[in-house]
file target_38.pdb (PDB, C-alpha atoms)
ATOM      1  CA  MET V   1     -10.130  19.480 -19.507  1.00  0.00           C
ATOM      2  CA  ILE V   2     -11.609  16.712 -17.353  1.00  0.00           C
ATOM      3  CA  GLN V   3      -9.729  16.137 -14.113  1.00  0.00           C
ATOM      4  CA  PHE V   4     -10.197  13.587 -11.344  1.00  0.00           C
ATOM      5  CA  SER V   5      -9.531  13.565  -7.613  1.00  0.00           C
ATOM      6  CA  ALA V   6      -8.637  10.370  -5.746  1.00  0.00           C
ATOM      7  CA  ASN V   7     -10.666   9.856  -2.587  1.00  0.00           C
ATOM      8  CA  LEU V   8      -8.141   8.229  -0.282  1.00  0.00           C
ATOM      9  CA  GLY V   9     -10.843   7.159   2.125  1.00  0.00           C
ATOM     10  CA  PHE V  10     -11.522   4.324  -0.345  1.00  0.00           C
ATOM     11  CA  LEU V  11      -8.580   4.255  -2.756  1.00  0.00           C
ATOM     12  CA  TRP V  12      -5.171   2.902  -1.684  1.00  0.00           C
ATOM     13  CA  GLN V  13      -6.483   2.043   1.764  1.00  0.00           C
ATOM     14  CA  GLU V  14      -3.564  -0.341   2.229  1.00  0.00           C
ATOM     15  CA  LEU V  15      -1.167   2.615   2.214  1.00  0.00           C
ATOM     16  CA  GLN V  16      -0.472   5.328   4.740  1.00  0.00           C
ATOM     17  CA  LEU V  17      -2.198   8.582   3.774  1.00  0.00           C
ATOM     18  CA  THR V  18       1.007  10.243   2.609  1.00  0.00           C
ATOM     19  CA  ASP V  19       1.913   7.244   0.427  1.00  0.00           C
ATOM     20  CA  GLY V  20      -1.632   7.274  -0.933  1.00  0.00           C
ATOM     21  CA  ILE V  21      -1.125  10.887  -2.013  1.00  0.00           C
ATOM     22  CA  ARG V  22       2.038   9.877  -3.857  1.00  0.00           C
ATOM     23  CA  ALA V  23       0.293   6.889  -5.452  1.00  0.00           C
ATOM     24  CA  ALA V  24      -2.526   9.135  -6.664  1.00  0.00           C
ATOM     25  CA  ALA V  25      -0.019  11.496  -8.257  1.00  0.00           C
ATOM     26  CA  ASP V  26       1.764   8.608  -9.966  1.00  0.00           C
ATOM     27  CA  ALA V  27      -1.572   7.335 -11.317  1.00  0.00           C
ATOM     28  CA  GLY V  28      -2.404  10.658 -12.974  1.00  0.00           C
ATOM     29  CA  PHE V  29      -4.951  12.154 -10.564  1.00  0.00           C
ATOM     30  CA  SER V  30      -5.072  15.953 -10.430  1.00  0.00           C
ATOM     31  CA  ALA V  31      -6.100  16.194  -6.763  1.00  0.00           C
ATOM     32  CA  VAL V  32      -6.819  14.147  -3.659  1.00  0.00           C
ATOM     33  CA  GLU V  33      -9.451  14.147  -0.937  1.00  0.00           C
ATOM     34  CA  CYS V  34      -9.954  12.028   2.152  1.00  0.00           C
ATOM     35  CA  HIS V  35     -12.314  11.331   5.023  1.00  0.00           C
ATOM     36  CA  TRP V  36     -10.649  11.586   8.435  1.00  0.00           C
ATOM     37  CA  PRO V  37      -6.906  12.337   8.241  1.00  0.00           C
ATOM     38  CA  TYR V  38      -6.510  13.349  11.872  1.00  0.00           C
ATOM     39  CA  ASP V  39      -4.283  10.465  12.965  1.00  0.00           C
ATOM     40  CA  VAL V  40      -1.588  11.739  10.591  1.00  0.00           C
ATOM     41  CA  ALA V  41       0.312  14.913  11.442  1.00  0.00           C
ATOM     42  CA  ALA V  42      -0.844  17.799   9.267  1.00  0.00           C
ATOM     43  CA  SER V  43       2.770  18.780   8.618  1.00  0.00           C
ATOM     44  CA  THR V  44       3.451  15.337   7.118  1.00  0.00           C
ATOM     45  CA  VAL V  45       0.404  15.524   4.864  1.00  0.00           C
ATOM     46  CA  ARG V  46       1.315  19.053   3.816  1.00  0.00           C
ATOM     47  CA  GLU V  47       4.805  17.885   2.820  1.00  0.00           C
ATOM     48  CA  ALA V  48       3.367  15.083   0.646  1.00  0.00           C
ATOM     49  CA  LEU V  49       0.971  17.511  -1.013  1.00  0.00           C
ATOM     50  CA  GLN V  50       3.781  19.958  -1.719  1.00  0.00           C
ATOM     51  CA  GLU V  51       6.008  17.185  -3.053  1.00  0.00           C
ATOM     52  CA  THR V  52       3.342  15.925  -5.476  1.00  0.00           C
ATOM     53  CA  GLU V  53       1.856  19.364  -6.214  1.00  0.00           C
ATOM     54  CA  LEU V  54      -1.623  17.956  -5.633  1.00  0.00           C
ATOM     55  CA  PRO V  55      -4.300  20.016  -3.867  1.00  0.00           C
ATOM     56  CA  MET V  56      -6.318  18.442  -1.042  1.00  0.00           C
ATOM     57  CA  LEU V  57      -9.907  19.088  -2.067  1.00  0.00           C
ATOM     58  CA  GLY V  58     -11.563  18.147   1.185  1.00  0.00           C
ATOM     59  CA  ILE V  59     -11.773  16.421   4.540  1.00  0.00           C
ATOM     60  CA  ASN V  60     -14.691  15.445   6.787  1.00  0.00           C
ATOM     61  CA  THR V  61     -15.537  16.360  10.342  1.00  0.00           C
ATOM     62  CA  VAL V  62     -15.150  13.333  12.618  1.00  0.00           C
ATOM     63  CA  ARG V  63     -18.105  10.996  13.007  1.00  0.00           C
ATOM     64  CA  GLY V  64     -18.057  10.849  16.802  1.00  0.00           C
ATOM     65  CA  ASN V  65     -18.194   7.565  18.683  1.00  0.00           C
ATOM     66  CA  VAL V  66     -18.147   5.142  15.762  1.00  0.00           C
ATOM     67  CA  GLU V  67     -18.401   2.058  17.997  1.00  0.00           C
ATOM     68  CA  ALA V  68     -21.644   3.469  19.402  1.00  0.00           C
ATOM     69  CA  GLY V  69     -22.959   4.060  15.868  1.00  0.00           C
ATOM     70  CA  ASP V  70     -22.243   7.754  15.319  1.00  0.00           C
ATOM     71  CA  ASN V  71     -21.942   9.029  11.760  1.00  0.00           C
ATOM     72  CA  GLY V  72     -21.537  12.735  12.367  1.00  0.00           C
ATOM     73  CA  LEU V  73     -22.606  15.101  15.114  1.00  0.00           C
ATOM     74  CA  SER V  74     -23.809  18.389  13.688  1.00  0.00           C
ATOM     75  CA  ALA V  75     -27.550  17.649  13.634  1.00  0.00           C
ATOM     76  CA  LEU V  76     -27.588  16.104  17.117  1.00  0.00           C
ATOM     77  CA  SER V  77     -29.073  18.636  19.527  1.00  0.00           C
ATOM     78  CA  SER V  78     -27.605  16.854  22.570  1.00  0.00           C
ATOM     79  CA  ARG V  79     -24.040  16.884  21.195  1.00  0.00           C
ATOM     80  CA  LEU V  80     -23.457  20.570  20.513  1.00  0.00           C
ATOM     81  CA  THR V  81     -20.118  20.812  22.311  1.00  0.00           C
ATOM     82  CA  GLU V  82     -18.717  17.764  20.521  1.00  0.00           C
ATOM     83  CA  ALA V  83     -20.002  19.020  17.165  1.00  0.00           C
ATOM     84  CA  ARG V  84     -18.310  22.377  17.605  1.00  0.00           C
ATOM     85  CA  GLU V  85     -15.081  20.673  18.688  1.00  0.00           C
ATOM     86  CA  ALA V  86     -15.222  18.527  15.534  1.00  0.00           C
ATOM     87  CA  ILE V  87     -15.716  21.620  13.389  1.00  0.00           C
ATOM     88  CA  ASP V  88     -12.843  23.435  15.105  1.00  0.00           C
ATOM     89  CA  GLN V  89     -10.601  20.397  14.596  1.00  0.00           C
ATOM     90  CA  ALA V  90     -11.467  20.192  10.906  1.00  0.00           C
ATOM     91  CA  VAL V  91     -10.967  23.913  10.296  1.00  0.00           C
ATOM     92  CA  GLU V  92      -7.576  23.885  12.007  1.00  0.00           C
ATOM     93  CA  TYR V  93      -6.401  20.798  10.127  1.00  0.00           C
ATOM     94  CA  ALA V  94      -7.754  22.015   6.794  1.00  0.00           C
ATOM     95  CA  SER V  95      -6.020  25.350   7.182  1.00  0.00           C
ATOM     96  CA  LEU V  96      -2.676  23.635   7.881  1.00  0.00           C
ATOM     97  CA  ILE V  97      -2.846  21.469   4.747  1.00  0.00           C
ATOM     98  CA  LYS V  98      -4.658  24.113   2.655  1.00  0.00           C
ATOM     99  CA  ALA V  99      -7.688  21.883   2.055  1.00  0.00           C
ATOM    100  CA  ARG V 100     -10.334  23.657   0.016  1.00  0.00           C
ATOM    101  CA  ASN V 101     -13.459  22.117   1.562  1.00  0.00           C
ATOM    102  CA  ILE V 102     -14.758  20.620   4.792  1.00  0.00           C
ATOM    103  CA  HIS V 103     -17.693  18.208   4.733  1.00  0.00           C
ATOM    104  CA  VAL V 104     -19.646  18.806   7.956  1.00  0.00           C
ATOM    105  CA  MET V 105     -21.295  15.493   8.785  1.00  0.00           C
ATOM    106  CA  ALA V 106     -24.850  15.736  10.106  1.00  0.00           C
ATOM    107  CA  GLY V 107     -25.323  12.340  11.801  1.00  0.00           C
ATOM    108  CA  TYR V 108     -28.368  10.225  12.562  1.00  0.00           C
ATOM    109  CA  ALA V 109     -31.226  12.488  13.583  1.00  0.00           C
ATOM    110  CA  SER V 110     -34.597  13.782  12.440  1.00  0.00           C
ATOM    111  CA  GLY V 111     -37.136  16.477  13.148  1.00  0.00           C
ATOM    112  CA  ARG V 112     -37.194  20.200  13.744  1.00  0.00           C
ATOM    113  CA  TYR V 113     -34.620  20.220  16.549  1.00  0.00           C
ATOM    114  CA  ALA V 114     -32.176  18.360  14.309  1.00  0.00           C
ATOM    115  CA  HIS V 115     -32.773  20.835  11.495  1.00  0.00           C
ATOM    116  CA  ASP V 116     -32.256  23.847  13.742  1.00  0.00           C
ATOM    117  CA  THR V 117     -29.144  22.314  15.305  1.00  0.00           C
ATOM    118  CA  PHE V 118     -27.643  21.534  11.906  1.00  0.00           C
ATOM    119  CA  MET V 119     -28.344  25.081  10.720  1.00  0.00           C
ATOM    120  CA  ASP V 120     -26.677  26.573  13.801  1.00  0.00           C
ATOM    121  CA  ASN V 121     -23.621  24.357  13.443  1.00  0.00           C
ATOM    122  CA  LEU V 122     -23.305  25.090   9.726  1.00  0.00           C
ATOM    123  CA  SER V 123     -23.455  28.815  10.463  1.00  0.00           C
ATOM    124  CA  TYR V 124     -20.729  28.353  13.055  1.00  0.00           C
ATOM    125  CA  ALA V 125     -18.598  26.307  10.634  1.00  0.00           C
ATOM    126  CA  ALA V 126     -19.050  28.816   7.830  1.00  0.00           C
ATOM    127  CA  GLY V 127     -17.995  31.643  10.106  1.00  0.00           C
ATOM    128  CA  ARG V 128     -14.878  29.781  11.253  1.00  0.00           C
ATOM    129  CA  ALA V 129     -13.924  28.860   7.687  1.00  0.00           C
ATOM    130  CA  ALA V 130     -14.747  32.069   5.827  1.00  0.00           C
ATOM    131  CA  GLY V 131     -11.567  33.967   6.606  1.00  0.00           C
ATOM    132  CA  LEU V 132      -9.467  30.982   5.556  1.00  0.00           C
ATOM    133  CA  GLY V 133     -10.997  30.576   2.115  1.00  0.00           C
ATOM    134  CA  ILE V 134     -12.512  27.205   3.039  1.00  0.00           C
ATOM    135  CA  THR V 135     -15.918  26.075   1.764  1.00  0.00           C
ATOM    136  CA  ILE V 136     -18.281  24.099   3.990  1.00  0.00           C
ATOM    137  CA  LEU V 137     -19.964  21.188   2.203  1.00  0.00           C
ATOM    138  CA  ILE V 138     -23.063  19.209   3.105  1.00  0.00           C
ATOM    139  CA  GLU V 139     -23.714  15.823   1.533  1.00  0.00           C
ATOM    140  CA  PRO V 140     -26.959  13.852   1.300  1.00  0.00           C
ATOM    141  CA  LEU V 141     -26.406  10.148   2.070  1.00  0.00           C
ATOM    142  CA  ASN V 142     -28.778   7.470   0.807  1.00  0.00           C
ATOM    143  CA  HIS V 143     -31.042   5.539   3.164  1.00  0.00           C
ATOM    144  CA  PHE V 144     -29.676   2.146   2.163  1.00  0.00           C
ATOM    145  CA  ASP V 145     -26.084   2.833   3.186  1.00  0.00           C
ATOM    146  CA  ALA V 146     -26.896   5.273   5.985  1.00  0.00           C
ATOM    147  CA  PRO V 147     -30.453   4.648   7.221  1.00  0.00           C
ATOM    148  CA  GLY V 148     -31.630   7.446   9.482  1.00  0.00           C
ATOM    149  CA  TYR V 149     -29.001   9.965   8.370  1.00  0.00           C
ATOM    150  CA  PHE V 150     -30.404  13.465   8.739  1.00  0.00           C
ATOM    151  CA  LEU V 151     -29.583  14.693   5.237  1.00  0.00           C
ATOM    152  CA  SER V 152     -30.785  12.339   2.523  1.00  0.00           C
ATOM    153  CA  THR V 153     -31.741  14.243  -0.643  1.00  0.00           C
ATOM    154  CA  SER V 154     -30.424  17.069  -2.793  1.00  0.00           C
ATOM    155  CA  VAL V 155     -33.823  18.763  -2.394  1.00  0.00           C
ATOM    156  CA  GLN V 156     -33.345  18.899   1.386  1.00  0.00           C
ATOM    157  CA  ALA V 157     -29.752  20.110   0.973  1.00  0.00           C
ATOM    158  CA  GLU V 158     -30.818  22.827  -1.467  1.00  0.00           C
ATOM    159  CA  SER V 159     -33.430  24.070   1.006  1.00  0.00           C
ATOM    160  CA  ILE V 160     -30.854  24.231   3.802  1.00  0.00           C
ATOM    161  CA  ILE V 161     -28.309  26.065   1.650  1.00  0.00           C
ATOM    162  CA  ASN V 162     -30.904  28.567   0.442  1.00  0.00           C
ATOM    163  CA  GLU V 163     -32.150  29.149   3.993  1.00  0.00           C
ATOM    164  CA  LEU V 164     -28.625  29.736   5.294  1.00  0.00           C
ATOM    165  CA  ASP V 165     -27.749  32.005   2.361  1.00  0.00           C
ATOM    166  CA  LEU V 166     -24.028  31.862   3.131  1.00  0.00           C
ATOM    167  CA  ARG V 167     -21.533  32.107   0.284  1.00  0.00           C
ATOM    168  CA  ASN V 168     -19.227  29.395   1.598  1.00  0.00           C
ATOM    169  CA  VAL V 169     -21.816  26.666   2.282  1.00  0.00           C
ATOM    170  CA  LYS V 170     -22.350  24.422  -0.725  1.00  0.00           C
ATOM    171  CA  LEU V 171     -23.525  20.993  -1.831  1.00  0.00           C
ATOM    172  CA  MET V 172     -21.390  17.897  -2.157  1.00  0.00           C
ATOM    173  CA  PHE V 173     -23.149  16.270  -5.104  1.00  0.00           C
ATOM    174  CA  ASP V 174     -22.285  12.577  -4.841  1.00  0.00           C
ATOM    175  CA  CYS V 175     -23.848  11.010  -7.935  1.00  0.00           C
ATOM    176  CA  TYR V 176     -23.947   7.604  -6.235  1.00  0.00           C
ATOM    177  CA  HIS V 177     -26.140   8.795  -3.354  1.00  0.00           C
ATOM    178  CA  VAL V 178     -28.292  11.100  -5.488  1.00  0.00           C
ATOM    179  CA  GLN V 179     -28.977   8.418  -8.080  1.00  0.00           C
ATOM    180  CA  ILE V 180     -30.149   5.962  -5.424  1.00  0.00           C
ATOM    181  CA  MET V 181     -32.417   8.456  -3.675  1.00  0.00           C
ATOM    182  CA  GLU V 182     -33.661  10.664  -6.522  1.00  0.00           C
ATOM    183  CA  GLY V 183     -32.234   9.876  -9.971  1.00  0.00           C
ATOM    184  CA  ASP V 184     -32.438  12.393 -12.831  1.00  0.00           C
ATOM    185  CA  ILE V 185     -28.751  13.161 -12.338  1.00  0.00           C
ATOM    186  CA  THR V 186     -28.000  15.411 -15.299  1.00  0.00           C
ATOM    187  CA  ARG V 187     -31.039  17.662 -14.826  1.00  0.00           C
ATOM    188  CA  ARG V 188     -30.217  17.960 -11.129  1.00  0.00           C
ATOM    189  CA  LEU V 189     -26.613  18.871 -11.924  1.00  0.00           C
ATOM    190  CA  GLN V 190     -27.786  21.549 -14.321  1.00  0.00           C
ATOM    191  CA  ARG V 191     -30.265  23.053 -11.855  1.00  0.00           C
ATOM    192  CA  LEU V 192     -28.054  22.833  -8.780  1.00  0.00           C
ATOM    193  CA  LEU V 193     -24.738  23.819 -10.355  1.00  0.00           C
ATOM    194  CA  PRO V 194     -24.688  27.292  -8.706  1.00  0.00           C
ATOM    195  CA  ILE V 195     -24.664  25.702  -5.241  1.00  0.00           C
ATOM    196  CA  ILE V 196     -22.461  22.666  -5.986  1.00  0.00           C
ATOM    197  CA  GLY V 197     -19.050  22.749  -4.342  1.00  0.00           C
ATOM    198  CA  HIS V 198     -17.835  19.285  -5.290  1.00  0.00           C
ATOM    199  CA  VAL V 199     -18.968  16.313  -7.404  1.00  0.00           C
ATOM    200  CA  GLN V 200     -18.205  12.663  -6.645  1.00  0.00           C
ATOM    201  CA  ILE V 201     -18.770   9.509  -8.685  1.00  0.00           C
ATOM    202  CA  ALA V 202     -19.050   5.756  -8.153  1.00  0.00           C
ATOM    203  CA  SER V 203     -20.993   3.006  -9.859  1.00  0.00           C
ATOM    204  CA  VAL V 204     -24.591   2.358  -8.860  1.00  0.00           C
ATOM    205  CA  PRO V 205     -25.595   0.192  -7.099  1.00  0.00           C
ATOM    206  CA  SER V 206     -22.279  -1.502  -6.203  1.00  0.00           C
ATOM    207  CA  ARG V 207     -20.253   1.660  -5.399  1.00  0.00           C
ATOM    208  CA  GLY V 208     -17.443   0.184  -7.461  1.00  0.00           C
ATOM    209  CA  ALA V 209     -15.423   1.816 -10.223  1.00  0.00           C
ATOM    210  CA  PRO V 210     -17.536   4.245 -12.274  1.00  0.00           C
ATOM    211  CA  ASP V 211     -17.269   2.446 -15.608  1.00  0.00           C
ATOM    212  CA  VAL V 212     -19.986  -0.089 -14.737  1.00  0.00           C
ATOM    213  CA  GLY V 213     -23.512   0.010 -13.325  1.00  0.00           C
ATOM    214  CA  GLU V 214     -26.689   1.850 -14.161  1.00  0.00           C
ATOM    215  CA  LEU V 215     -25.242   5.352 -14.620  1.00  0.00           C
ATOM    216  CA  ASP V 216     -23.510   6.384 -17.844  1.00  0.00           C
ATOM    217  CA  TYR V 217     -20.721   8.479 -16.369  1.00  0.00           C
ATOM    218  CA  GLY V 218     -19.350   9.251 -19.794  1.00  0.00           C
ATOM    219  CA  TYR V 219     -22.553  11.192 -20.423  1.00  0.00           C
ATOM    220  CA  VAL V 220     -22.585  12.699 -16.908  1.00  0.00           C
ATOM    221  CA  ILE V 221     -19.012  13.952 -17.266  1.00  0.00           C
ATOM    222  CA  LYS V 222     -19.696  15.429 -20.694  1.00  0.00           C
ATOM    223  CA  THR V 223     -22.681  17.200 -19.156  1.00  0.00           C
ATOM    224  CA  LEU V 224     -20.487  18.658 -16.403  1.00  0.00           C
ATOM    225  CA  ASP V 225     -17.975  19.786 -19.005  1.00  0.00           C
ATOM    226  CA  ARG V 226     -20.710  21.399 -21.078  1.00  0.00           C
ATOM    227  CA  LEU V 227     -22.030  23.183 -17.983  1.00  0.00           C
ATOM    228  CA  GLY V 228     -18.585  24.642 -17.342  1.00  0.00           C
ATOM    229  CA  TYR V 229     -17.739  22.636 -14.251  1.00  0.00           C
ATOM    230  CA  SER V 230     -13.936  22.639 -14.158  1.00  0.00           C
ATOM    231  CA  GLU V 231     -12.998  21.278 -10.721  1.00  0.00           C
ATOM    232  CA  PRO V 232     -11.568  17.752 -10.334  1.00  0.00           C
ATOM    233  CA  ILE V 233     -14.333  15.155 -10.013  1.00  0.00           C
ATOM    234  CA  GLY V 234     -13.985  12.983  -6.936  1.00  0.00           C
ATOM    235  CA  ALA V 235     -13.503   9.237  -7.461  1.00  0.00           C
ATOM    236  CA  GLU V 236     -15.066   7.925  -4.258  1.00  0.00           C
ATOM    237  CA  TYR V 237     -15.546   4.258  -5.057  1.00  0.00           C
ATOM    238  CA  LYS V 238     -14.610   0.940  -3.487  1.00  0.00           C
ATOM    239  CA  PRO V 239     -12.165  -0.909  -5.741  1.00  0.00           C
ATOM    240  CA  VAL V 240     -12.293  -4.676  -6.023  1.00  0.00           C
ATOM    241  CA  GLY V 241      -8.702  -5.717  -5.443  1.00  0.00           C
ATOM    242  CA  ALA V 242      -5.772  -3.342  -5.859  1.00  0.00           C
ATOM    243  CA  THR V 243      -6.637   0.271  -6.645  1.00  0.00           C
ATOM    244  CA  ARG V 244      -4.056   0.412  -9.418  1.00  0.00           C
ATOM    245  CA  ASP V 245      -5.835  -2.438 -11.224  1.00  0.00           C
ATOM    246  CA  SER V 246      -9.173  -0.583 -11.151  1.00  0.00           C
ATOM    247  CA  LEU V 247      -8.149   2.624 -12.904  1.00  0.00           C
ATOM    248  CA  GLN V 248      -9.021   1.774 -16.501  1.00  0.00           C
ATOM    249  CA  TRP V 249     -12.164   3.866 -16.089  1.00  0.00           C
ATOM    250  CA  MET V 250     -10.112   7.096 -16.100  1.00  0.00           C
ATOM    251  CA  SER V 251      -9.163   6.880 -19.748  1.00  0.00           C
ATOM    252  CA  ALA V 252     -12.512   5.349 -20.740  1.00  0.00           C
ATOM    253  CA  LEU V 253     -14.573   8.215 -19.335  1.00  0.00           C
ATOM    254  CA  ILE V 254     -12.718  11.068 -20.989  1.00  0.00           C
ATOM    255  CA  ARG V 255     -12.892   9.762 -24.557  1.00  0.00           C
TER     256      ARG V 255
END

call {"tool": "encode", "arguments": {"input": "target_38.pdb", "output": "structure tokens"}}
result
Amino acid sequence: MIQFSANLGFLWQELQLTDGIRAAADAGFSAVECHWPYDVAASTVREALQETELPMLGINTVRGNVEAGDNGLSALSSRLTEAREAIDQAVEYASLIKARNIHVMAGYASGRYAHDTFMDNLSYAAGRAAGLGITILIEPLNHFDAPGYFLSTSVQAESIINELDLRNVKLMFDCYHVQIMEGDITRRLQRLLPIIGHVQIASVPSRGAPDVGELDYGYVIKTLDRLGYSEPIGAEYKPVGATRDSLQWMSALIR
């Protein structure tokens, strides 16, 4: 059975996080995920999740100093203390709300030092999360939306995951980013399925609802179903207007 997760970083942005969780439940989503929930007390989020019986699939580590242009810290060799603090914060929060995954954000960096720093921080994150049943995710971001981001392709992510060889470090396969950078989505899903921890969708190139654009998500979702992928698929798109008015894609894609 195909299931979807509402990414509340983009959906129902006009609502408080807890009200967004309730709205997602009312709309028929099977799970939720978000970006940076840290301004909301974990106990309040946990109550909303328990009330709606929705799991929280994942949260992100903080970006850092956003006004200064940060978009993650874990590949920045000069920011090790801050990166570890961000990981500790995410692990603590995730454990309180029983989130399944943490996306460790790499940031804007390049080169060997960045690679080694990211590897060290991922090892640290995996160690902190392992005893709690939490998976660490890494996500390639495309160079149009995030120019200079350290992790940009699924090939690079696969190499990192294989080099680390840790059971709880996996790939966040965001079809939107992968399509822009590499294409060949269904073959990549098939080959990378053993290391995929979460799949997200949005239209390409607009990042709108996934029933338009250059990718046939009906075919992609059938491929995931055929491959045996059974986790909720993350709807991480930017609705035009009210979120509720953009949800016709849910029924269209599971026909």

call {"tool": "residues_around", "arguments": {"input": "target_38.pdb", "residues": "region 198-212 of chain V", "least_positions_apart": "2", "cutoff": "6 Å", "atoms": "all atoms listed in the file", "output": "list in words"}}
result
Met172, Phe173, Asp174, Cys175, Tyr176, Ile196, Glu214, Ile233, Gly234, Ala235, Glu236, Tyr237, Lys238, Pro239 and Trp249 of chain V

call {"tool": "resolve_selection", "arguments": {"input": "target_38.pdb", "expression": "the PyMOL selection byres ((chain V and resi 71-75) around 6)", "output": "PyMOL selection string"}}
result
chain V and resi 63-64+70+76+83+105-107+114+117-118+121

call {"tool": "closest_residue", "arguments": {"input": "target_38.pdb", "among": "V:Val91, V:Ile134, V:Ala41, V:Leu54", "to": "Ala6 (chain V)", "atoms": "only C-alpha atoms"}}
result
V:Leu54

call {"tool": "residues_around", "arguments": {"input": "target_38.pdb", "residues": "Leu151 (chain V)", "least_positions_apart": "3", "cutoff": "7 Å", "atoms": "only C-alpha atoms", "output": "tab-separated table (two decimals) with C-alpha atoms, keeping the file's coordinate frame"}}
result
chain	number	residue	atom	x	y	z
V	106	ALA	CA	-24.85	15.74	10.11
V	140	PRO	CA	-26.96	13.85	1.30
V	141	LEU	CA	-26.41	10.15	2.07
V	156	GLN	CA	-33.34	18.90	1.39
V	157	ALA	CA	-29.75	20.11	0.97

call {"tool": "residues_near_point", "arguments": {"input": "target_38.pdb", "point": "(-30.5, 13.7, -8.6)", "cutoff": "12 Å", "atoms": "all atoms listed in the file", "output": "PyMOL selection string"}}
result
chain V and resi 140-142+152-158+172-193+199+215+220

call {"tool": "residues_near_point", "arguments": {"input": "target_38.pdb", "point": "(-3.3, 21.4, 9.7)", "cutoff": "12 Å", "atoms": "all atoms listed in the file", "output": "count of residues only"}}
result
25

call {"tool": "closest_residue", "arguments": {"input": "target_38.pdb", "among": "V:Ala125, V:Leu80, V:Leu224, V:Met119", "to": "Ile102 (chain V)", "atoms": "only C-alpha atoms"}}
result
V:Ala125
